[in-house]
Each structure stands twice: as C-alpha cells, then as structure tokens.
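> Got a structure for you, written out below as structure tokens; questions coming shortly.
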Amino acid sequence: MQVTVKLYALFRWRLFREAVREYPPGAAVSDVARDLEITETEIGIVLVNGLHADLGHILQEGDLVSLMPRIGGG
Amino acid sequence: MSTENNQQSTNPAGVLYRRCTVDLETGSVQLAGVPCANLEDVLGGFGRSFQILAARDITRAYSPENPLIVNTGLLTGSNVMTGMRSYFSAYSPLKKSGAGLPAAMWSAGSGNFGNKLKWTGVDEVIFENRSEGPVYAVFRDGADGPVVELKPADHLLGLTGHEKIMTLSREYADAHFAVIGPAGENYGSNYMGAVILSTDNQLKSGEPKSRFAGRGGMGSLMGYKNLIAIVAQSPDKLDRITPAMRDVNRDIIKSLGSARFQPVSQGGGGGTWANIEVLQAFHAVPLNNFRPKGNDDVERLYRDNVEKDFEVVSEGCFRCGIRCHNNLFHRNPDGSRGKLAAKFDFEPLILFGSNLGIHDATKVTQLIHLCDLMGMDAISLGTTISYLLDYNERHPDRRLLNGATFGDFDLIRELVEQTGRGKHELLGQGVRRLSEQVGETSYAMHVKGLELPAYLPDTNPGYIFAIAGGHMSMGTHMLYAKEGKKTVDEWVQAITTGGLLQVGYDMIGLCKFVGVGIGHDLIVNGIREATGLEFSSAEIVASVRRAYLRGLALELRQGFAEEEYTLPSQVLADPNPNVALPSFIDEAFLEELRRRVWSVFLPEMEGLVPERKN
C-alpha cells in the first residue's frame, strides 16, 4: 500500500520533506520509522491524517503520516 | 551551604546557608549562618526566597521595603552539569494584581555569576532599602570569609549591559557580573528591565554573549534601588570529579530530554529553534500578535533557511555539554566567520520575528541584539510591541507612538531602542497596563499581568496556573501539540501533577534543559554526589510542590481575583480558524478547569503563607 510520509525539522534535514512510500498491508507507524532509520526515541509527535497517533497505529492505503522530533523549551 | 559537623544529612534543619544582608541606604552588611527550616530552604532558589517574601507585606514594588533577593540553588557551583543558575526574587514592578498589589516573582539565569557568588561563600544576598546614589556591590572571597563592599557606579551609567560587564571585567579579575542595562536604569518608565549575567565566553571573546534573568522586571527593581551591578569575585572552586559524578553528567548528556537541545552536528535536535518547524505543522507559531494566518511566512526563519545567510555555531554555558546555544555569526566576504549577530532561541526569534510580522532573519537578529544590549526581557517587550502593532493596524486613524504596524522594521527598531532608553513608558510598563490604558484588552497577550511567551494561549490553558512566567513555571505549553490532549480531565491532571514541577529547576540550581523530571534518580544522585545530602525523590517532589503552591498562595494574598485566572478574551470569544489543532478552550472549559484545579490546590495551600497584616 502507498503511504505519504512527511518529515519535520531534524528528520527533514536528514532525509526528505515529503515522499510517497510503499509498505505491506498491516504496517504500523513504527515500521515507517524503522524503514527510515529513525529511532523510536527520537520521535516526539506522530500524526496520522492530521490526528495524534502512536507508533503502534496500523496504517491504511493512502494515509498521511507525519513524524516530528522531540521538542522542548522553557 | 554547610552541614552540622560536616556530616551527611537527611534533615533540612541540619543544613545551614550563609545569608548576607546589605542595607543599601546605610551601607551596613550583615553575614549570618541560617539553619534551613525545610527542604525548600535547602534546595534554594525561589523555594527559599518566596518564604522571605511571604513574610513581608509589600504594597508597592518600588518601595524601600521591597527586598531584592539574589540567591543560588543547592547545585549551583557544583560539578553537576548546568549547575550555575542564579535567582533574583522580589515583588515585581511588572506583574500586579487587579487589586493593585505587586506579585512575588523570581527570574533565573545561567552564566557564571551564580557560581562565583557561591564560591565567595555567600548563598543568598538580601538587598534592603535603596541607595541614595548609584552603586555596585562587590562580593569577594576573603581570607576570613566573604568580604562585601558598595562602590560608586556613576561611571557605569548609560552603558549597555555588555559594556558594563566588560568595563567591570577590566577592574575585577576572576570575577563574574550581574548588571542592568539602560532599561533598568530607567526603571520609572520601564518595568521590564532584565538582570544581565556575564559568561566565560563573553569575557574571553569580548562578544556580547550574556545570559539574562529577564522575567518580572528584576533589573528594573535593581535600578530603583540604585544598584547598578553586582560583582562576584572568587577563584573557581569546583570539587574533584568523582566517578559517580561523571556518571551523573554522562546520564544528563545521554538523556532523551537533553538530546533535544544538543547540537544538530552531534545528532541532537538543535535547541529550541526546532520548535518552530514542529509548531508550524499545526500553524501554531505566533504571528502578528499571536494570530497565525495559516500561511508559510514563518518558514523563512527555519534553521536551514537561516543557514544560507549566517554561520550557526553551537556553543554552551560553562562546562555544559548540552551546548544549546545557537549563535549566529555574519559571514565575511571571504567566507570566514564574521561578527556575532545574535543568539537564536525560539522565544526571541518568534517574539521579535514572526509575531511582529518580520520574517527576515537579519532583521530579527538586530532586534534581539538591541533588546539584549538595552537589558530588557525579550518576552515582555516582544509581546507588548506586538500588541501595539496590532492596535495600530486596527486603528489607522489614531495610531500610537510612531505608528508602527506589523513588519515595519525601522519603526519597530526605534521602539525597542526608545523603550530601553526610558522614552516610551507606554511600552515599558507592559501589555496589561498599555491595553487597559487604551481600553482594548481582548488581544493583550498576558495572564495575570505577565506577557505570554511564544506559545499560543489557544493551545495552553495551563498558563492560568503559571506563577512566574507562562512556560517557565507551568510545563504544559506544548502539551496540546505534543499529545493532542483537550479534555478537562487531562488538563487538570497535567497542571496538578507534572506541570507544576517545572519550577523545581528554579530551586536546585540546574537548567531545565537537563530534561528529566525533578524527581528523577539523576537529580537525587546529583544532590548526593555534590553535597552529601540524601533526599528521596518523593521528598524532593513534595518540596517543589509546596514551593509552587506557596507561590500560588502568595498570588491570592496579593489580591489576584478568580477572574484573573483566565486567558486573553480573544482566545475565548474569537477562536482562530487558522490553527490546525481543533479549538477546545471556551468559558465553560476554563470555569470547570479552575473549579477542579482549585479543589486540588486550595486544601494543600492552607497555612503556606501568613495572612497580610494590613
């Protein structure tokens, strides 16, 4: 199935801004991260189709996955 | 700090700290060893200073009775990485209640001043009254203990903060400095003066790489007291690093929390700058007075875009391996590194950039640099100017001051300079007073009189329970973007448990960028290794919680009313459709949140502060 992946900040600098990628049916967000060699501990925010999700979220054909690094301030 | 018989201790009463009381009116100096009354006293910072402030009835910030308390944390001056914080506490000239009483505030900063002060043998200074003429105070490590002097400071007047620091450094070797800028000197028309702290890097390079204790106008209070600078002179007194201490510092560097702030070149997140890109994904980056338009303007301030024009250098505080500073240097025509332009952090970058309608990094660096030289709190000034620009845009027929609106760089630059020089009381008094004066309060971005940092109030109802700065004293400012939480249950939980513990770092002398919870083993181990004191995680967390609640109780005692625990009314009445996160805060939400948070907090606040005597 095809999934659109958007990356932000550190991940974008390292890889790409947006790309359509192929994954087997039943793939989870964690599989996308693994495919891109982004470690789970680096990830701060996951969105699937604009909604907050976790790494275990199972993806569907045509989903948009956004991966953002951990951020902080104060 | 010392313990009875130099024994290891688990009992706060067995710990003494050294207090120096300086009467600026008479010049008298008293040194005393003070036994700690509780763990807040031991941990230090605002946990200790707020107990002193609570014992005083202060009705006007600019009054001789309002003390300026300068202190350190338990781990300031220790080998624990980032252990260099100093704290400035007083009743604030800027933050005041609707009843007209000043709020107790503290402001924290890094730099080397805190270390040096502690190494002179002084843990805390209380500056009482005010001097008749301008003076600076010198704390020196003498053969028989700390030596304290007051000296005339006329030669420092009118200099920028950086110039004051460099002038004093030529006279005092092996010293560090806390000074005010022109803004603090012009305290009568500028309530947002910062305390400017020197750094090792600054003294060695001659570049203006100061750190700031900005919030609440502590620099303005110094100006009122005619205390222009404080010098702390001592040789460095760091202990030998034990293997256990090495482990503590290794754990800090390896913690996921601190990795966010470490240099990109080391695999880190590159400091708070990265927040822009993540928050922009939700169109939640403040733009034109906290009102994002859903466009891409802010992308011009992304790191990779700025790197086209500047060399970005990761630097750090004294012996800090986190190295969170992103210093921007101009490039010389031959490609080599030129002059320092400014330090880019999320707050000043946004509050002097997109939130003023300025998206050109070169112009933003100039505004940040100027604000720093004048010695003002970048958050308070940036947010007050954005209100003015908004007002002027709404009222083209009756614009205020020089008529600047969003994007008017030259006019905005003039506003920054003139406010720092005490020429624009309208801005220098902060956004609450300004908005009340012109009669339009709905889009004045403050909570309880203190200007908001660069996180949208639309995403953070936790602001209403922050006690000394929206994101510095309530750690909920990115919760919505990070986790998407929007129920009252989730926000009550966040505010009453983890969020308030943010303030613990403003007690113990470490920087928040250590990135672990205040009850983490790393903190327990760090305290044990650095001081020999043994306190459990639960004891530390309970102490931090009491300190926070004491601050909240002090707010109530100073007359903050229920209706002041709210957000700018524009957020409630006119939700911004351009923010990609669903709007969830309305009057009913806030009312329920207040009711439930107070039901948790109020019983615990009983007896934490004495009643007012008058």
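Ligands are numbered from 1 in the order shown, chains are lettered A, B, ... in the order of the structure tokens, and residues start at 1 in each chain.
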What residues in chain A have any atom no more than 9 Å from chain B when counting only C-alpha atoms, and can you write them as a VMD selection string?

chain A and resid 8 to 10 13 41 to 42 44 to 46 50 to 53 68 to 74

> Write out as a VMD selection string all residues of stretch 29-100 of chain B that DSSP puts in alpha helix (DSSP H) for this structure's backbone.

chain B and resid 39 to 43 46 to 54

> Store the residues picked out above, limited to C-alpha atoms, as a short mmCIF file (atom, residue, chain, number, x, y, z; two decimals), in the first residue's frame.


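The result, stored in again.cif:
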```cif
data_model
loop_
_atom_site.label_atom_id
_atom_site.label_comp_id
_atom_site.auth_asym_id
_atom_site.auth_seq_id
_atom_site.Cartn_x
_atom_site.Cartn_y
_atom_site.Cartn_z
CA LEU B 39 13.66 21.25 52.27
CA GLU B 40 12.68 24.28 50.17
CA ASP B 41 15.31 26.25 52.06
CA VAL B 42 17.87 23.56 51.30
CA LEU B 43 17.07 23.29 47.62
CA PHE B 46 12.65 30.70 44.71
CA GLY B 47 11.79 27.89 47.14
CA ARG B 48 13.73 29.82 49.75
CA SER B 49 13.25 33.38 48.57
CA PHE B 50 9.47 33.14 48.44
CA GLN B 51 9.38 32.27 52.12
CA ILE B 52 11.17 35.52 52.83
CA LEU B 53 8.85 37.45 50.54
CA ALA B 54 5.81 35.83 52.13
#
```

> Using only C-alpha atoms, find the one residue out of A:Asp63, A:Ile38, A:Leu55, A:Val48 that sits nearest to A:Phe11.

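Comparing A:Asp63, A:Ile38, A:Leu55, A:Val48 against A:Phe11, the winner is A:Ile38.
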
> Just give me the gap between atom CA of B:Arg398 and atom CA of B:Leu356 in Å, one decimal is fine.

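Taking atom CA of B:Arg398 as the start and atom CA of B:Leu356 as the end point, the length is 19.4 Å.
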
> From stretch 76-263 of chain B, collect each residue whose DSSP state is strand (DSSP E) and return the set as a compact mmCIF listing (two decimals) with C-alpha atoms, in the first residue's frame.


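For reference, out_2.txt as written:
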```txt
# COMPACT_ATOMS: atom_id res chain seq x y z
CA SER B 86 21.29 32.26 39.99
CA TYR B 87 17.91 33.62 41.00
CA PHE B 88 16.55 37.12 41.51
CA SER B 89 13.37 37.43 43.55
CA ALA B 90 11.23 40.33 44.71
CA TYR B 91 7.79 41.80 44.43
CA SER B 92 7.58 42.62 40.75
CA PRO B 93 7.20 46.08 39.28
CA LEU B 94 5.64 44.45 36.21
CA LYS B 95 3.27 41.78 37.47
CA LYS B 96 0.50 43.15 39.62
CA PRO B 102 2.61 43.62 43.17
CA ALA B 103 3.10 39.89 42.73
CA ALA B 104 6.06 37.99 44.09
CA MET B 105 8.29 36.93 41.21
CA TRP B 106 11.56 35.27 40.54
CA SER B 107 13.71 35.19 37.48
CA ALA B 108 16.51 32.74 36.75
CA GLY B 109 19.60 32.90 34.63
CA GLU B 124 21.99 34.40 49.43
CA VAL B 125 22.01 38.18 49.42
CA ILE B 126 19.13 40.34 50.55
CA PHE B 127 19.40 43.90 49.32
CA GLU B 128 17.31 46.08 51.59
CA VAL B 135 26.40 51.90 43.46
CA TYR B 136 27.62 48.46 42.66
CA ALA B 137 28.16 45.70 45.18
CA VAL B 138 31.31 43.59 45.31
CA PHE B 139 31.36 40.17 46.96
CA ARG B 140 34.86 38.82 47.37
CA ASP B 141 36.23 35.60 48.70
CA GLY B 142 38.39 36.88 51.59
CA GLY B 145 35.20 34.71 54.75
CA PRO B 146 33.21 36.81 52.34
CA VAL B 147 34.11 40.49 52.00
CA VAL B 148 31.37 42.84 50.85
CA GLU B 149 31.69 46.43 49.63
CA LEU B 150 29.48 49.02 47.98
CA LYS B 151 31.21 51.27 45.44
CA PRO B 152 30.11 54.28 43.37
CA ALA B 175 35.05 37.66 38.66
CA HIS B 176 31.61 37.50 37.11
CA PHE B 177 28.89 40.09 36.99
CA ALA B 178 25.17 40.74 37.23
CA VAL B 179 24.31 44.13 35.80
CA VAL B 195 19.35 41.28 35.02
CA ILE B 196 22.22 40.63 32.63
CA LEU B 197 24.67 37.91 33.60
CA ARG B 211 22.65 35.43 29.76
CA PHE B 212 19.55 37.00 31.23
CA ALA B 213 17.26 36.74 34.21
CA LEU B 227 22.13 49.02 42.43
CA ILE B 228 23.70 49.09 39.00
CA ALA B 229 25.80 45.94 39.18
CA ILE B 230 26.89 43.08 41.39
CA VAL B 231 30.40 41.66 41.22
CA ALA B 232 31.24 38.18 42.50
CA GLN B 233 34.98 37.61 42.68
```

> What gap, in Å, lies between atom CA of B:Glu414 and atom CA of B:Lys343?

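So the answer is 20.6 Å.
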
> Could you pull the residues within 8 Å of A:Val29, counting only C-alpha atoms, minus those fewer than 4 positions along the same chain, as a list in words?

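Near neighbours after the sequence-gap exclusion: Ala33, Asp54, Leu55, Gly56, His57, Ile58, Leu59 and Val65 of chain A.
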
> Could you tell me which of A:Leu47, A:Glu37, A:Leu67, A:Gly62 comes closest to A:Arg21 if we count only C-alpha atoms?

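Result for the nearest residue to A:Arg21: A:Gly62.
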
> May I ask which of the residues A:Ser30, A:Thr4, A:Thr39, A:Gln60 is the closest one to A:Phe16, counting only C-alpha atoms?

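Between A:Ser30, A:Thr4, A:Thr39, A:Gln60, the residue approaching A:Phe16 most closely is A:Thr4.
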
> Tell me which protein, DNA and RNA residues are within 7 Å of A:Glu22, counting only C-alpha atoms, leaving out same-chain ones fewer than 6 positions away, and put them as a VMD selection string.

chain A and resid 1 to 3

> Could you check which of B:Glu185, B:His283, B:Asp236, B:Arg433 is closest to B:Asp154, using only C-alpha atoms?

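Going through B:Glu185, B:His283, B:Asp236, B:Arg433 one by one, the smallest distance to B:Asp154 is for B:Glu185.
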
> Which residues, written as a list of chain:residue names, have at least one atom at most 6 Å from A:Lys6, with only C-alpha atoms counted and residues fewer than 5 positions away on the same chain left out?

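Within the cut-off, the hits are A:Arg17, A:Glu18, A:Ser66.
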
> I need the chosen residues saved as a PDB file, in the first residue's frame, with C-alpha atoms.


```pdb
ATOM      1  CA  ARG A  17      10.279  16.772   3.327  1.00  0.00           C
ATOM      2  CA  GLU A  18       7.599  14.546   1.835  1.00  0.00           C
ATOM      3  CA  SER A  66       3.797  12.976   9.885  1.00  0.00           C
TER       4      SER A  66
END
```

> Neighbouring residues of stretch 520-532 of chain B were defined as those with any atom within 7 Å, considering only C-alpha atoms; residues of the same chain fewer than 3 positions away were excluded. Please report them as a list in words.

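Residues meeting the cut-off are Gln8, Leu75, Ser78, Asn79, Val80, Ala244, Met245, Val248, Val516, Gly517, Phe535, Ser536 and Ser537 of chain B.
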